[in-house]
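What follows is a set of notes on a single structure, which appears directly below.
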Amino acid sequence: MLHRIDKMELLKHIVFIACVGVVSAFTSIVLCLCVNFAYHVNQTFAWTLFFLPLLGVLSLALYKVFKLPYDYSTDTLVEQMRNNDVVSPTLAPGIIVGTCLTILGGGAVGKESSAFQAGASVSETLGRAFKLKNCFVDKQDRELYGYAALMGMSATFSALFFAPLGAVFMVLELTRFRNLSLPRFIAMIVSAFIAASIAYPFGIGDIIPHVTVLDMTPELALYTGIVGIVCGILGGVFGRALRFTRKLLKAHFNKPYVTVIVSSLVIVCLVYAFGLYDFEGSGMNLLKHALAGSIGTYDFAIKAGLVFMALAFGLKGGEIMPTLAIGGLTGCSVGQLIGIDAAFAGALGVITFYVGMSRCPIAGFFLGCEVFGWGIAPFLTIGVICALVGNRDYGYYGHGLLAEAHRQLAARHAAASAGTPNDAAEQRSPEK
């Protein structure tokens, strides 16, 4: 097979993989420094909360200058990756600055999904400079689409969470494993490990505390399933509510400046009136309390409400870390209710709530093992399965893999019944 490989093109790919790892690491480092500074200012000077409406308007104005859609978010990027659409080079500065502005004003958003967007933008821009083609010379179509962006998404996320496997499978699941090949998978894994290894010494990523993993017993397995079902259902409801609200506003009230101002004013009033300053930002502070087993019973609902008000109505920022925080708070509350170790239940909630929201079970499993240690794998297996089977296979990013596979099979069967089996093999049902 070696004679079919363009050796110079292969060398370009190897160099490109290393470059993506390095560039993605420093993209995440810059994002962390900027966001951490914005959050520090917000927590030091509580009055910055009152500037949230203005800061939200500024972020929309910035998107207009960069010629980005006002409603661009992670699910928009996911749709682009599924359709092999081009990612704008201005997305990286747009989402980094937009996220910082939201957090400076006290918005309950995170930076991990922002890293997804920035990584895709930077890496695809870098890929154009390399003019990459397929290494195999006998391929009819040697141009590569989406390859660089996918690699950048997984590498930047890996640099934040130091979880390369979770990052790679998250990107693959979100894009439905389309156009996947073994060389691409290896390239994504290598770049993700490079990015994580570079970023780790800086100590500025999201390091989630470990919890004590309990011994497996039949009773604990049952309680694990209960936590998985509850968090999976609530995560699914949360993800669908975000997606439905965003689509509803775009279809029937496409006035982004009005929605951002109104939602920001509501957030300001709630935070100021009830002193909810601890619920600002991504929620890492709350997650640490949840993994220590010391939270208020309804803290998860407060955090979920503030995150929903920020993300559903157009403020810029990410949803992944807030989702993990809400999951940790939910799991901790469920653990307190059913009488198991609240910190351990919080760890289960982190992953199962995320799985319910995203419909990415493989990524959730690996992310949980990398964050909490591989000893938690048996419990995560039970929790993730329960989060899936007890919930509709539809979340913030659209249909999950099971629903998508069913839709594909139904489309192929319908096409085969119509006498066009060849077309059926290529048909893809659009996302709804």
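By order of appearance in the structure tokens: chains A, B, ..., then residues from 1 within every chain, and ligands from 1 in the order shown.
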
Selection: 8 Å around Ile295 (chain A), only C-alpha atoms, excl. self and same-chain fewer than 2 positions, as a JSON list (two decimals) with C-alpha atoms, in the first residue's frame:
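Produced file selection-v1.json, reproduced below:
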```
[["chain", "number", "residue", "atom", "x", "y", "z"],
["A", 286, "LEU", "CA", -20.74, 25.32, 42.65],
["A", 289, "HIS", "CA", -19.26, 22.27, 46.50],
["A", 290, "ALA", "CA", -21.43, 19.56, 44.93],
["A", 293, "GLY", "CA", -21.49, 17.01, 49.15],
["A", 297, "THR", "CA", -31.29, 21.27, 47.79],
["A", 299, "ASP", "CA", -29.28, 25.03, 43.84],
["A", 329, "LEU", "CA", -25.76, 19.88, 41.72],
["A", 332, "CYS", "CA", -25.85, 15.75, 44.78],
["A", 333, "SER", "CA", -29.46, 16.69, 45.56]]
```

**Message:** Report as a PyMOL selection string all protein, DNA and RNA residues lying within 12 Å of Ile226 (chain A), evaluated on only C-alpha atoms, omitting residues in the same chain fewer than 4 positions from it.
**Reply:** chain A and resi 219-222+230-233+331+334-335+337-340+345+348-349+352+379+382-387+389-390

Mind writing the picked residues with N, CA and C atoms as a PDB file, in the first residue's frame?
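Result written to result-v7.pdb:
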```pdb
ATOM      1  N   GLU A 219     -27.282  -2.819  45.903  1.00  0.00           N
ATOM      2  CA  GLU A 219     -28.060  -1.648  46.328  1.00  0.00           C
ATOM      3  C   GLU A 219     -27.504  -0.368  45.707  1.00  0.00           C
ATOM      4  N   LEU A 220     -26.175  -0.229  45.690  1.00  0.00           N
ATOM      5  CA  LEU A 220     -25.568   0.967  45.114  1.00  0.00           C
ATOM      6  C   LEU A 220     -25.769   1.003  43.600  1.00  0.00           C
ATOM      7  N   ALA A 221     -25.766  -0.151  42.959  1.00  0.00           N
ATOM      8  CA  ALA A 221     -26.035  -0.208  41.522  1.00  0.00           C
ATOM      9  C   ALA A 221     -27.448   0.304  41.230  1.00  0.00           C
ATOM     10  N   LEU A 222     -28.402  -0.070  42.087  1.00  0.00           N
ATOM     11  CA  LEU A 222     -29.777   0.404  41.922  1.00  0.00           C
ATOM     12  C   LEU A 222     -29.846   1.916  42.084  1.00  0.00           C
ATOM     13  N   VAL A 230     -32.898  10.059  36.692  1.00  0.00           N
ATOM     14  CA  VAL A 230     -33.347  11.407  37.061  1.00  0.00           C
ATOM     15  C   VAL A 230     -32.515  12.467  36.336  1.00  0.00           C
ATOM     16  N   CYS A 231     -31.191  12.347  36.402  1.00  0.00           N
ATOM     17  CA  CYS A 231     -30.334  13.351  35.777  1.00  0.00           C
ATOM     18  C   CYS A 231     -30.445  13.298  34.259  1.00  0.00           C
ATOM     19  N   GLY A 232     -30.590  12.099  33.689  1.00  0.00           N
ATOM     20  CA  GLY A 232     -30.743  11.983  32.247  1.00  0.00           C
ATOM     21  C   GLY A 232     -32.013  12.648  31.751  1.00  0.00           C
ATOM     22  N   ILE A 233     -33.102  12.430  32.467  1.00  0.00           N
ATOM     23  CA  ILE A 233     -34.373  13.051  32.077  1.00  0.00           C
ATOM     24  C   ILE A 233     -34.287  14.569  32.184  1.00  0.00           C
ATOM     25  N   GLY A 331     -27.234  15.750  40.801  1.00  0.00           N
ATOM     26  CA  GLY A 331     -26.863  14.458  41.359  1.00  0.00           C
ATOM     27  C   GLY A 331     -26.663  14.512  42.857  1.00  0.00           C
ATOM     28  N   VAL A 334     -30.083  14.600  44.470  1.00  0.00           N
ATOM     29  CA  VAL A 334     -30.712  13.274  44.419  1.00  0.00           C
ATOM     30  C   VAL A 334     -30.057  12.348  45.435  1.00  0.00           C
ATOM     31  N   GLY A 335     -28.717  12.411  45.559  1.00  0.00           N
ATOM     32  CA  GLY A 335     -28.024  11.596  46.542  1.00  0.00           C
ATOM     33  C   GLY A 335     -28.470  11.888  47.960  1.00  0.00           C
ATOM     34  N   LEU A 337     -31.354  12.982  48.757  1.00  0.00           N
ATOM     35  CA  LEU A 337     -32.747  12.544  48.878  1.00  0.00           C
ATOM     36  C   LEU A 337     -32.859  11.037  49.090  1.00  0.00           C
ATOM     37  N   ILE A 338     -32.060  10.250  48.359  1.00  0.00           N
ATOM     38  CA  ILE A 338     -32.190   8.786  48.440  1.00  0.00           C
ATOM     39  C   ILE A 338     -31.242   8.167  49.455  1.00  0.00           C
ATOM     40  N   GLY A 339     -30.358   8.991  50.046  1.00  0.00           N
ATOM     41  CA  GLY A 339     -29.546   8.514  51.147  1.00  0.00           C
ATOM     42  C   GLY A 339     -28.240   7.839  50.786  1.00  0.00           C
ATOM     43  N   ILE A 340     -27.606   8.240  49.677  1.00  0.00           N
ATOM     44  CA  ILE A 340     -26.268   7.732  49.367  1.00  0.00           C
ATOM     45  C   ILE A 340     -25.272   8.888  49.453  1.00  0.00           C
ATOM     46  N   ALA A 345     -22.755  10.790  44.282  1.00  0.00           N
ATOM     47  CA  ALA A 345     -23.934  11.003  43.436  1.00  0.00           C
ATOM     48  C   ALA A 345     -23.754  12.237  42.563  1.00  0.00           C
ATOM     49  N   LEU A 348     -21.710  11.239  39.551  1.00  0.00           N
ATOM     50  CA  LEU A 348     -22.563  10.545  38.589  1.00  0.00           C
ATOM     51  C   LEU A 348     -23.467  11.527  37.853  1.00  0.00           C
ATOM     52  N   GLY A 349     -23.979  12.522  38.581  1.00  0.00           N
ATOM     53  CA  GLY A 349     -24.859  13.511  37.974  1.00  0.00           C
ATOM     54  C   GLY A 349     -24.160  14.364  36.941  1.00  0.00           C
ATOM     55  N   THR A 352     -24.174  11.985  33.771  1.00  0.00           N
ATOM     56  CA  THR A 352     -25.483  11.550  33.266  1.00  0.00           C
ATOM     57  C   THR A 352     -26.354  12.730  32.843  1.00  0.00           C
ATOM     58  N   PHE A 379     -19.849   2.163  37.437  1.00  0.00           N
ATOM     59  CA  PHE A 379     -20.992   2.987  37.826  1.00  0.00           C
ATOM     60  C   PHE A 379     -21.444   3.871  36.663  1.00  0.00           C
ATOM     61  N   ILE A 382     -23.589   1.931  34.164  1.00  0.00           N
ATOM     62  CA  ILE A 382     -24.987   1.823  34.598  1.00  0.00           C
ATOM     63  C   ILE A 382     -25.699   3.167  34.450  1.00  0.00           C
ATOM     64  N   GLY A 383     -25.050   4.233  34.933  1.00  0.00           N
ATOM     65  CA  GLY A 383     -25.686   5.546  34.905  1.00  0.00           C
ATOM     66  C   GLY A 383     -25.957   6.047  33.513  1.00  0.00           C
ATOM     67  N   VAL A 384     -24.994   5.880  32.616  1.00  0.00           N
ATOM     68  CA  VAL A 384     -25.153   6.362  31.236  1.00  0.00           C
ATOM     69  C   VAL A 384     -26.255   5.590  30.525  1.00  0.00           C
ATOM     70  N   ILE A 385     -26.292   4.269  30.703  1.00  0.00           N
ATOM     71  CA  ILE A 385     -27.352   3.469  30.068  1.00  0.00           C
ATOM     72  C   ILE A 385     -28.721   3.903  30.573  1.00  0.00           C
ATOM     73  N   CYS A 386     -28.842   4.109  31.868  1.00  0.00           N
ATOM     74  CA  CYS A 386     -30.127   4.549  32.440  1.00  0.00           C
ATOM     75  C   CYS A 386     -30.500   5.947  31.958  1.00  0.00           C
ATOM     76  N   ALA A 387     -29.496   6.819  31.806  1.00  0.00           N
ATOM     77  CA  ALA A 387     -29.770   8.175  31.310  1.00  0.00           C
ATOM     78  C   ALA A 387     -30.285   8.140  29.880  1.00  0.00           C
ATOM     79  N   VAL A 389     -31.861   5.260  28.253  1.00  0.00           N
ATOM     80  CA  VAL A 389     -33.113   4.511  28.054  1.00  0.00           C
ATOM     81  C   VAL A 389     -34.298   5.197  28.722  1.00  0.00           C
ATOM     82  N   GLY A 390     -34.032   6.021  29.719  1.00  0.00           N
ATOM     83  CA  GLY A 390     -35.124   6.692  30.391  1.00  0.00           C
ATOM     84  C   GLY A 390     -35.457   8.048  29.807  1.00  0.00           C
TER      85      GLY A 390
END
```

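Take CA of Gly146 (chain A) and CA of Ile320 (chain A): the distance between them is 21.9 Å.
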
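Around region 126-130 of chain A, within 10 Å and counting only C-alpha atoms, the residues found are A:Glu9, A:Lys12, A:His13, A:Val15, A:Phe16, A:Ile17, A:Cys19, A:Val20, A:Val23, A:Pro89, A:Ala120, A:Ser121, A:Val122, A:Leu144, A:Tyr145, A:Gly146, A:Tyr147, A:Ala148, A:Ala149, A:Gly152, once anything fewer than 4 positions away on its own chain is removed.
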
Export C-alpha atoms of the chosen residues as a CSV table (one decimal), in the first residue's frame?
```csv
chain,number,residue,atom,x,y,z
A,9,GLU,CA,1.4,14.9,1.6
A,12,LYS,CA,2.5,17.7,5.6
A,13,HIS,CA,-0.2,15.9,7.6
A,15,VAL,CA,3.4,18.5,10.7
A,16,PHE,CA,-0.1,19.8,10.6
A,17,ILE,CA,-1.2,17.5,13.4
A,19,CYS,CA,0.7,22.4,14.7
A,20,VAL,CA,-3.0,21.9,15.5
A,23,VAL,CA,-2.1,26.1,18.3
A,89,PRO,CA,-12.0,32.6,10.6
A,120,ALA,CA,-12.7,24.9,14.8
A,121,SER,CA,-12.1,28.4,13.4
A,122,VAL,CA,-8.4,28.6,14.1
A,144,LEU,CA,-10.4,17.3,2.8
A,145,TYR,CA,-13.4,19.0,4.3
A,146,GLY,CA,-14.0,19.5,8.0
A,147,TYR,CA,-10.9,17.5,8.9
A,148,ALA,CA,-8.9,20.4,10.3
A,149,ALA,CA,-11.9,21.9,12.2
A,152,GLY,CA,-9.1,21.7,16.4
```

Against region 25-35 of chain A, which residues of region 184-262 of chain A fall within 10 Å? For each one I want the closest pair of atoms and the distance in Å (one decimal), counting only C-alpha atoms, rows by chain and increasing residue number, as a Markdown table.
```
| residue | atom | partner | partner_atom | distance |
| --- | --- | --- | --- | --- |
| A:Ser191 | CA | A:Ala25 | CA | 9.5 |
| A:Ala192 | CA | A:Ala25 | CA | 8.8 |
| A:Phe193 | CA | A:Ala25 | CA | 9.9 |
| A:Ile194 | CA | A:Ala25 | CA | 7.9 |
| A:Ala195 | CA | A:Ala25 | CA | 4.5 |
| A:Ala196 | CA | A:Ala25 | CA | 6.8 |
| A:Ser197 | CA | A:Ala25 | CA | 8.5 |
| A:Ile198 | CA | A:Ala25 | CA | 6.2 |
| A:Ala199 | CA | A:Ala25 | CA | 5.5 |
| A:Tyr200 | CA | A:Ala25 | CA | 9.2 |
| A:Phe202 | CA | A:Ile29 | CA | 7.9 |
| A:Gly203 | CA | A:Ile29 | CA | 9.4 |
| A:Ile204 | CA | A:Cys32 | CA | 6.4 |
| A:Gly205 | CA | A:Cys32 | CA | 6.9 |
| A:Asp206 | CA | A:Cys32 | CA | 9.0 |
```

Would you export the selected residues with C-alpha atoms as a PDB file, in the first residue's frame, please?
```pdb
ATOM      1  CA  SER A 191      -3.419  16.349  18.397  1.00  0.00           C
ATOM      2  CA  ALA A 192      -5.676  16.136  21.474  1.00  0.00           C
ATOM      3  CA  PHE A 193      -2.895  14.560  23.551  1.00  0.00           C
ATOM      4  CA  ILE A 194      -0.391  17.159  22.318  1.00  0.00           C
ATOM      5  CA  ALA A 195      -2.733  20.014  23.260  1.00  0.00           C
ATOM      6  CA  ALA A 196      -3.456  18.567  26.718  1.00  0.00           C
ATOM      7  CA  SER A 197       0.230  17.943  27.457  1.00  0.00           C
ATOM      8  CA  ILE A 198       1.145  21.529  26.520  1.00  0.00           C
ATOM      9  CA  ALA A 199      -1.707  23.159  28.449  1.00  0.00           C
ATOM     10  CA  TYR A 200      -1.440  21.068  31.623  1.00  0.00           C
ATOM     11  CA  PHE A 202       0.016  26.122  32.870  1.00  0.00           C
ATOM     12  CA  GLY A 203      -2.573  24.918  35.403  1.00  0.00           C
ATOM     13  CA  ILE A 204      -5.396  27.061  34.070  1.00  0.00           C
ATOM     14  CA  GLY A 205      -7.852  24.499  32.717  1.00  0.00           C
ATOM     15  CA  ASP A 206     -10.978  23.159  34.383  1.00  0.00           C
TER      16      ASP A 206
END
```

**Request:** Can you pull out every residue within 6 Å of region 93-107 of chain A, counting only C-alpha atoms, but drop anything in the same chain fewer than 2 positions away, and send it as a ChimeraX atom specification?
**Result:** /A:35,38-39,42,48-49,51-52,55,59,90-91,109,114,280-281,316-317

Just the selected residues (N, CA and C atoms), exported as a compact mmCIF listing (two decimals), in the first residue's frame, please.
```txt
# COMPACT_ATOMS: atom_id res chain seq x y z
N VAL A 35 -11.01 34.69 30.12
CA VAL A 35 -12.23 34.40 30.85
C VAL A 35 -11.99 34.48 32.36
N ALA A 38 -11.91 38.06 33.35
CA ALA A 38 -13.25 38.64 33.34
C ALA A 38 -14.04 38.19 34.57
N TYR A 39 -13.93 36.92 34.92
CA TYR A 39 -14.66 36.40 36.09
C TYR A 39 -14.12 37.01 37.39
N ASN A 42 -15.50 40.44 37.69
CA ASN A 42 -16.92 40.37 38.03
C ASN A 42 -17.13 40.05 39.51
N THR A 48 -20.42 45.25 38.27
CA THR A 48 -20.31 44.93 36.84
C THR A 48 -21.55 44.19 36.33
N LEU A 49 -22.32 43.60 37.27
CA LEU A 49 -23.56 42.93 36.89
C LEU A 49 -24.49 43.87 36.13
N PHE A 51 -23.93 46.06 34.05
CA PHE A 51 -23.51 46.34 32.67
C PHE A 51 -23.81 45.16 31.73
N LEU A 52 -24.42 44.11 32.24
CA LEU A 52 -24.68 42.93 31.41
C LEU A 52 -25.50 43.26 30.16
N LEU A 55 -23.11 44.94 27.73
CA LEU A 55 -22.09 44.01 27.26
C LEU A 55 -22.68 42.99 26.28
N SER A 59 -21.50 42.46 22.34
CA SER A 59 -21.13 41.18 21.73
C SER A 59 -21.89 40.97 20.42
N THR A 90 -13.25 34.44 11.53
CA THR A 90 -13.54 35.46 12.54
C THR A 90 -14.32 34.90 13.73
N LEU A 91 -14.70 33.62 13.65
CA LEU A 91 -15.45 33.04 14.76
C LEU A 91 -14.61 32.98 16.03
N VAL A 109 -22.51 31.50 31.89
CA VAL A 109 -22.05 30.75 30.72
C VAL A 109 -20.65 30.21 31.00
N SER A 114 -17.12 27.49 23.89
CA SER A 114 -16.43 28.57 23.19
C SER A 114 -15.09 28.07 22.64
N GLU A 280 -23.17 33.11 39.26
CA GLU A 280 -22.67 33.71 38.03
C GLU A 280 -21.56 32.84 37.45
N GLY A 281 -21.23 33.06 36.19
CA GLY A 281 -20.12 32.34 35.57
C GLY A 281 -20.47 30.91 35.20
N LYS A 316 -23.55 35.38 24.61
CA LYS A 316 -22.50 34.53 24.07
C LYS A 316 -21.78 33.77 25.18
N GLY A 317 -21.43 32.54 24.88
CA GLY A 317 -20.73 31.70 25.84
C GLY A 317 -21.05 30.25 25.61
```

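With only C-alpha atoms as the atoms that count, the minimum distance from Leu388 (chain A) to the choices A:Ala312, A:Ile229, A:Leu234, A:Ala251 is reached by A:Ile229.
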